[in-house]
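Scroll down for the structure; my scribbles are underneath it.
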Amino acid sequence: MSEEIIALLKENVIQGRKTIEDEGVDESLDGTPGVLELTQSAIEKGIPADEIIMHGLTAGMQIVGEKFAAKKYFIPDMLASAEAVGRAMDILKPHLEASNVETRGKFMIVTVKGDIHDIGKNIVAILLKGAGYEVNDLGIDVATEKIVEAVREDKPEYLGLSALLTTTRVVMGEIIEALKENGLRDKVKVLIGGTAVSDEYADEIGADAYCEDGFQAIKKLDAFQAAKA
Amino acid sequence: MPREGILVHNPYERMTKEQVRQIHHASMQILTDPGLISFNRRAAEIFASNGAEVTPVSSGDHPTWLVKIPEKLVLHALDSAPRIVKLGARNPDNALIMNGEEPRVYFVTGSETNIWLDVEFPTYVKKSDPKIEIQVPEFHPRRGTVADLCQSAHVCEHLETLDGYIRTVNIQDKDITEDNKDVNKFFASLNNTTKHVMSGLTSLSQLDNVVNMARIIAGGEEELKQNPIISFITCLVKSPLQFVEDTTDTFMEVCKRGLPVVVSSSPQAGTTAPMKEAGIMAQINAEVLAGITLGQLVNKGTPVLYGSVPVRARMDNLDDSYGAVETSQYNVDCSQMARYYKIPNYSTSGVCDPRTPGTQSSVERLFSDILVTLSGPQYLHCAYGLLECNSVFCLTQAVLDDAHFQMIKFFLRPARIDETEIAESLKQIREVVATPQKLYISYIRRAMRSRQISPPYPFEGDGEGDNVFALAHKRMQELLAKPVDHIDRATTARIFEEILGLLRRQVDGLKTEG
């Protein structure tokens with residue numbers, strides 16, 4: 001029974017179906033439980049969280065990644081699957097300690113003060129959550145002092161700053177300065193993203209990395225994680 | 001089931017109804033004053049015996065007659081010309097049903113070019129940085145051959161948007177003569193595509209050989225009538241207003257046999273027709289109507305297409321300028337005139353002025369392809385692969401053209417707005433707005449896979465460079481490697497036994513002497 005649930009979980013991740021109501025890439029799973037219902041069932045049946053994650057969620061995402069690399073899947077497919085995995089991780093969160101499972105890292109993401117654009121930020125958040133990071137999304141148009149305070153309290157290892165406009169990207173530099181002033185800069189790696197910024201701009205304001213998109217964000221975070229190990 | 005083509009809802013029209021009537025009346029006046037000069041005796045006699053005013057103009061080796069065609073004769077012809085014309089195909093699913101009143105567009109190749117363009121991709125090294133290499137297409141023009149025509153038909157068989165095939169290249173092999181050109185060009189086309197095949201005829205003496213070949217392939221006389229796998233295009237009227245001796249003969253003989261035929265007129269605005277829109281439209285319409293009238297007098301009810309290939313002259317050398325904006329205007333107007341008469345329209349787009357593929361050719365062909373398609377001609381000779389007007393054919397360019405016709409066809413899909421769609425959309429909007437991410441992503445995946453979302457441009461490169469031509473060339477080679485459904489061996493053997501002049505090299509391993 002547990003093998004069957006795990007296999008269905010994996011298949012639903014591949015199809016990017018969160019719930020019984022969701023459409024997959026085809027009609028084969030229409031009307032059947034999605035990732036969230038299956039995750040809940042798996043917990044109720046006593047399947048350990050690490051097994052659900054490893055053989056269901058991660059194994060499914062592995063295939064999604066392969067299909068994406070082979071251009072059989074596109075960004076909407078990747079996002080749908082990542083969102084399903086992210087939401088499943090929320091359900092699993094209380095059970096992780098019992099299974100000795102750790103998240104890959106804590107990531108805080110925010111669109112800076114004066115900027116209300118959030119499509120890119122949301123996509124990055126979904127992808128990182130699907131990749132196993134614990135994501136705390138502070139939202140849009142967030143004041144620098146609030147961001148500093150959240151970093152102090154939540155202690156994320158990574159802070160992602162998003163800005164679309166050249167008029168708001170300057171706030172990124174101000175946030176980095178404020179982190180320094182509050183003695184937090186060496187406790188968090190700052191990554192920046194958005195149309196208005198670049199590698200050069202990251203260097204200019206003293207950020208740790210520029211991420212062109214969500215996929216690059218995963219790669220850079222994975223590299224930081226690997227360097228720590 | 002015939003091919004679907006693409007139905008143009010609300011076709012684009014430049015002329016008002018009143019302007020259409022004005023062109024019609026002007027054409028009627030042209031047909032009686034000044035009338036047409038006929039270099040063809042039989043045509044003059046047929047017109048005379050049906051009530052036209054025919055007067056000898058000159059005698060001697062090349063006698064001519066002035067033919068004045070009364071409106072009544074033209075209107076009778078328009079009454080008897082079929083509204084619906086079927087162009088059959090070796091694969092019946094590739095048949096084209098054209099209704100003069102319905103703006104359903106079929107995309108076809110053409111015309112017969114003398115030059116075939118080979119493409120190579122030599123590597124260039126940057127002088128200042130030898131580590132950097134790029135491949136740049138290099139074009140090598142040469143005379144077209146039978147093998148080229150076979151290759152062209154083969155690739156065109158696999159081009160998704162292409163509905164019919166007009167021979168793309170003039171076969172100029174050393175062993176091709178006036179006496180065997182027609183049978184070889186029709187066989188090369190028919191053997192390599194299962195779509196409809198249309199061509200002009202080089203020699204009237206070969207008409208029956210070509211028709212017999214088609215009869216054998218179709219399965220008999222009646223089968224060919226029901227499924228006319230071939231049709232002809234004839235330029236019987238040379239602008240301005242002259243029935244040509246030999247092509248008029250060819251036209252009349254095709255009409256007698258009841259096979260579909262295009263009455264094509266190709267005036268050049270500025271030289272063989274007035275430059276102004278009113279002038280060239282009145283003249284080309286008169287020329288086509290004169291041809292249609294003759295065809296119906298020869299064989300009442302024979303299927304004809306209103307063939308319009310108007311073009312503006314270049315001002316620097318008086319060559320054709322298919323890239324000129326006016327050329328598209330004239331073609332759009334002709335489509336409207338043909339629909340007024342309820343006769344299926346053979347129209348032209350996509351012909352361009354430069355001799356090699358590139359930015360200019362892309363701009364010119366796409367401009368006219370979009371506009372003329374929107375006017376709703378039934379049979380659109382849209383110049384897949386053609387360059388330098390009608391002089392050069394490049395197979396890789398044909399593959400590029402297929403890609404942009406996919407875009408045009410997608411664009412012309414009817415709007416999907418109804419109560420069900422609205423209800424589904426409202427449900428989505430409410431659901432998504434209630435989520436933190438506010439993204440519609442999960443709703444587009446199935447639509448993406450059911451071809452409801454237009455695909456990306458197929459020749460988009462990975463990097464910043466423009467690799468379009470190299471990628472299209474690769475695609476062309478892939479299509480060439482795909483098999484085609486050739487004429488079966490028994491039928492081929494029979495064709496080679498009964499039809500003289502076919503080159504044996506057209507069929508690998510055939511034992512019959514050609």
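Chains: A, B, ... in order of the structure tokens. Residues: from 1 per chain. Ligands: from 1, in order shown.
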
Exercise for review: Identify all chain B residues at most 6 Å from chain A by counting only C-alpha atoms; ligands do not count. Present them as a PyMOL selection string.
Suggested key: chain B and resi 437+441-442+445-446

Review point. Excluding same-chain residues fewer than 5 positions from stretch 201-204 of chain A, what lies within 8 Å of it counting only C-alpha atoms, as an MDAnalysis selection string?
Key: chainID A and resid 192 209:210

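The closest residue to B:Arg21, picked from B:Ala282, B:Met315, B:Leu480, B:Val197 and counting only C-alpha atoms, is B:Ala282.
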
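Near A:Gly194, within 9 Å and counting only C-alpha atoms, sit Gly120, Lys121, Leu161, Ser162, Ala163, Leu164, Leu165, Arg169, Val197, Ser198, Tyr210, Cys211, Glu212 and Asp213 of chain A, not including residues fewer than 3 positions from it in the same chain.
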
Practice item. Just the alpha helix (DSSP H) stuff from stretch 56-231 of chain B, please, per backbone DSSP, written as an NGL selection string. Key: :B and (71-80 or 146-158 or 181-192 or 207-218 or 221-226)

Could the residues in this selection be saved with C-alpha atoms as a short mmCIF file (atom, residue, chain, number, x, y, z; two decimals), in the first residue's frame?
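As a result, result_26.cif now contains:
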data_model
loop_
_atom_site.label_atom_id
_atom_site.label_comp_id
_atom_site.auth_asym_id
_atom_site.auth_seq_id
_atom_site.Cartn_x
_atom_site.Cartn_y
_atom_site.Cartn_z
CA GLU B 71 -21.17 41.87 -71.63
CA LYS B 72 -23.98 39.36 -72.22
CA LEU B 73 -21.43 36.72 -73.30
CA VAL B 74 -19.31 37.33 -70.23
CA LEU B 75 -22.27 37.09 -67.88
CA HIS B 76 -23.40 33.82 -69.47
CA ALA B 77 -19.90 32.44 -68.98
CA LEU B 78 -19.87 33.54 -65.35
CA ASP B 79 -23.19 31.75 -64.89
CA SER B 80 -21.90 28.47 -66.28
CA VAL B 146 14.70 16.76 -62.56
CA ALA B 147 16.39 15.61 -59.34
CA ASP B 148 15.84 19.05 -57.85
CA LEU B 149 12.16 18.99 -58.73
CA CYS B 150 11.86 15.55 -57.09
CA GLN B 151 13.59 16.85 -53.95
CA SER B 152 11.38 19.90 -53.86
CA ALA B 153 8.17 17.85 -54.18
CA HIS B 154 9.48 15.45 -51.54
CA VAL B 155 10.11 18.18 -48.95
CA CYS B 156 6.87 19.98 -49.83
CA GLU B 157 4.98 16.75 -49.19
CA HIS B 158 6.08 17.09 -45.56
CA LYS B 181 9.71 17.99 -70.41
CA ASP B 182 6.02 17.90 -69.53
CA VAL B 183 5.78 14.19 -68.79
CA ASN B 184 8.93 14.32 -66.69
CA LYS B 185 7.94 17.35 -64.67
CA PHE B 186 4.47 15.96 -63.95
CA PHE B 187 5.86 12.54 -63.06
CA ALA B 188 8.58 14.01 -60.82
CA SER B 189 5.92 15.99 -58.96
CA LEU B 190 3.26 13.30 -58.78
CA ASN B 191 5.72 10.61 -57.71
CA ASN B 192 7.07 12.65 -54.81
CA LEU B 207 -1.06 17.27 -73.10
CA ASP B 208 -2.56 13.86 -73.81
CA ASN B 209 0.52 12.06 -72.51
CA VAL B 210 0.26 14.00 -69.26
CA VAL B 211 -3.49 13.42 -69.00
CA ASN B 212 -3.02 9.70 -69.72
CA MET B 213 -0.41 9.51 -67.00
CA ALA B 214 -2.83 11.15 -64.57
CA ARG B 215 -5.57 8.77 -65.71
CA ILE B 216 -3.38 5.72 -64.97
CA ILE B 217 -2.48 7.09 -61.52
CA ALA B 218 -6.06 8.07 -60.68
CA GLU B 221 -11.12 8.08 -66.88
CA GLU B 222 -14.04 8.47 -64.49
CA GLU B 223 -11.73 8.33 -61.47
CA LEU B 224 -9.69 11.22 -62.86
CA LYS B 225 -12.87 13.19 -63.46
CA GLN B 226 -13.95 12.62 -59.86
#

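Counting only C-alpha atoms and comparing B:Ala472, B:Ile499, B:Val309, B:Leu259, the residue that lies closest to B:Gly385 is B:Ala472.
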
Review point. Could you name the residues that touch A:Asp208 at 6 Å or less, counting only C-alpha atoms, but leaving out those on the same chain fewer than 5 positions away, as a PyMOL selection string?
Key: chain A and resi 189-191

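As for atom CA of B:Pro377 and atom CA of B:Val262, they are spaced 13.3 Å apart.
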
**Study point:** Nearest residue to B:Met15 from the set B:Ser59, B:Ser375, B:Asn467, B:Gln268 (distances using only C-alpha atoms)
**Key:** B:Ser375

Point to revise | Near-stretch 144-152 of chain A list (12 Å; only C-alpha atoms; drop same-chain fewer than 4 positions) as a ChimeraX atom specification | key: /A:106-114,136-140,156-161,168,170-190

Would you export the selected residues with C-alpha atoms as a JSON list (two decimals), in the first residue's frame, please?
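Final output, again09.json:
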[["chain", "number", "residue", "atom", "x", "y", "z"],
["A", 106, "LYS", "CA", 16.18, 28.99, 4.87],
["A", 107, "PHE", "CA", 15.49, 31.53, 2.15],
["A", 108, "MET", "CA", 13.78, 34.85, 2.65],
["A", 109, "ILE", "CA", 12.49, 36.64, -0.43],
["A", 110, "VAL", "CA", 11.05, 40.13, -0.86],
["A", 111, "THR", "CA", 10.29, 42.85, -3.39],
["A", 112, "VAL", "CA", 11.93, 46.03, -2.13],
["A", 113, "LYS", "CA", 10.28, 49.29, -1.02],
["A", 114, "GLY", "CA", 8.68, 51.26, -3.86],
["A", 136, "ASN", "CA", 9.64, 32.87, 3.69],
["A", 137, "ASP", "CA", 8.04, 35.35, 1.30],
["A", 138, "LEU", "CA", 7.76, 38.83, 2.84],
["A", 139, "GLY", "CA", 5.72, 40.17, -0.09],
["A", 140, "ILE", "CA", 6.01, 43.41, -2.11],
["A", 156, "PRO", "CA", 17.55, 33.02, 7.10],
["A", 157, "GLU", "CA", 20.76, 31.85, 5.47],
["A", 158, "TYR", "CA", 19.77, 33.58, 2.24],
["A", 159, "LEU", "CA", 17.98, 36.83, 1.44],
["A", 160, "GLY", "CA", 16.60, 37.30, -2.08],
["A", 161, "LEU", "CA", 15.87, 40.89, -3.13],
["A", 168, "THR", "CA", 13.88, 50.91, -6.96],
["A", 170, "VAL", "CA", 18.96, 51.46, -5.43],
["A", 171, "VAL", "CA", 17.01, 50.26, -2.38],
["A", 172, "MET", "CA", 18.88, 46.95, -2.67],
["A", 173, "GLY", "CA", 22.14, 48.73, -1.88],
["A", 174, "GLU", "CA", 20.45, 50.52, 1.01],
["A", 175, "ILE", "CA", 19.27, 47.18, 2.44],
["A", 176, "ILE", "CA", 22.79, 45.76, 2.28],
["A", 177, "GLU", "CA", 24.11, 48.86, 4.09],
["A", 178, "ALA", "CA", 21.37, 48.53, 6.72],
["A", 179, "LEU", "CA", 22.27, 44.86, 7.25],
["A", 180, "LYS", "CA", 25.87, 45.94, 7.81],
["A", 181, "GLU", "CA", 24.86, 48.67, 10.25],
["A", 182, "ASN", "CA", 22.83, 46.13, 12.23],
["A", 183, "GLY", "CA", 25.62, 43.55, 12.32],
["A", 184, "LEU", "CA", 23.70, 41.09, 10.16],
["A", 185, "ARG", "CA", 25.51, 41.24, 6.83],
["A", 186, "ASP", "CA", 27.90, 38.36, 7.56],
["A", 187, "LYS", "CA", 25.02, 36.17, 8.77],
["A", 188, "VAL", "CA", 23.07, 36.16, 5.51],
["A", 189, "LYS", "CA", 23.98, 35.84, 1.85],
["A", 190, "VAL", "CA", 22.20, 38.39, -0.28]]

Exercise for review: Please provide as a VMD selection string all residues within 7 Å of A:His55, with the sequence filter that same-chain residues fewer than 4 positions apart are discarded (counting only C-alpha atoms).
Suggested key: chain A and resid 6 51 59

Convert the current residue selection to file output with N, CA and C atoms, as a compact mmCIF listing (two decimals), in the first residue's frame.
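Output file part_7.txt follows:
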# COMPACT_ATOMS: atom_id res chain seq x y z
N ILE A 6 3.27 6.09 -2.71
CA ILE A 6 4.49 6.80 -3.11
C ILE A 6 4.57 6.90 -4.62
N GLU A 51 10.80 9.12 3.53
CA GLU A 51 10.47 8.25 2.42
C GLU A 51 9.53 8.97 1.43
N ALA A 59 11.84 12.27 -6.19
CA ALA A 59 11.94 11.41 -7.38
C ALA A 59 11.09 11.97 -8.51

Point to revise | Contact residues around stretch 359-368 of chain B with only C-alpha atoms at 10 Å, ignoring same-chain residues under 4 positions, as an MDAnalysis selection string | key: chainID B and resid 322:329 331:332 348:355 372:374 382:384 386:388 397 400:401 404:405 408

Atoms kept (C-alpha atoms) for selection, written as an mmCIF file, in the first residue's frame:
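What landed in out_23.cif:
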data_model
loop_
_atom_site.group_PDB
_atom_site.id
_atom_site.type_symbol
_atom_site.label_atom_id
_atom_site.label_comp_id
_atom_site.auth_asym_id
_atom_site.auth_seq_id
_atom_site.Cartn_x
_atom_site.Cartn_y
_atom_site.Cartn_z
ATOM 1 C CA TYR B 322 6.680 41.676 -56.135
ATOM 2 C CA GLY B 323 8.019 43.283 -52.987
ATOM 3 C CA ALA B 324 6.276 46.566 -53.824
ATOM 4 C CA VAL B 325 3.382 47.383 -51.522
ATOM 5 C CA GLU B 326 1.079 48.044 -54.502
ATOM 6 C CA THR B 327 1.546 44.451 -55.676
ATOM 7 C CA SER B 328 -0.231 43.282 -52.540
ATOM 8 C CA GLN B 329 -2.946 45.899 -53.005
ATOM 9 C CA ASN B 331 -3.767 41.013 -55.369
ATOM 10 C CA VAL B 332 -6.152 41.805 -52.541
ATOM 11 C CA THR B 348 -0.172 35.453 -55.422
ATOM 12 C CA SER B 349 1.821 36.416 -52.364
ATOM 13 C CA GLY B 350 5.222 35.892 -50.838
ATOM 14 C CA VAL B 351 7.222 36.640 -53.949
ATOM 15 C CA CYS B 352 10.136 38.889 -53.126
ATOM 16 C CA ASP B 353 12.747 40.881 -54.947
ATOM 17 C CA PRO B 354 16.159 39.816 -53.473
ATOM 18 C CA ARG B 355 17.997 36.815 -54.881
ATOM 19 C CA VAL B 372 -3.163 38.597 -49.257
ATOM 20 C CA THR B 373 -4.156 35.648 -47.056
ATOM 21 C CA LEU B 374 -6.455 37.976 -45.129
ATOM 22 C CA CYS B 382 2.420 31.930 -51.954
ATOM 23 C CA ALA B 383 5.854 31.342 -53.345
ATOM 24 C CA TYR B 384 7.295 28.882 -50.844
ATOM 25 C CA LEU B 386 10.915 31.617 -54.245
ATOM 26 C CA LEU B 387 13.453 34.412 -54.525
ATOM 27 C CA GLU B 388 14.288 37.153 -57.011
ATOM 28 C CA GLN B 397 13.569 29.113 -47.772
ATOM 29 C CA LEU B 400 11.167 28.913 -43.443
ATOM 30 C CA ASP B 401 7.993 29.922 -45.261
ATOM 31 C CA HIS B 404 5.445 31.628 -40.916
ATOM 32 C CA PHE B 405 2.348 30.158 -42.540
ATOM 33 C CA ILE B 408 -0.669 32.973 -40.068
#
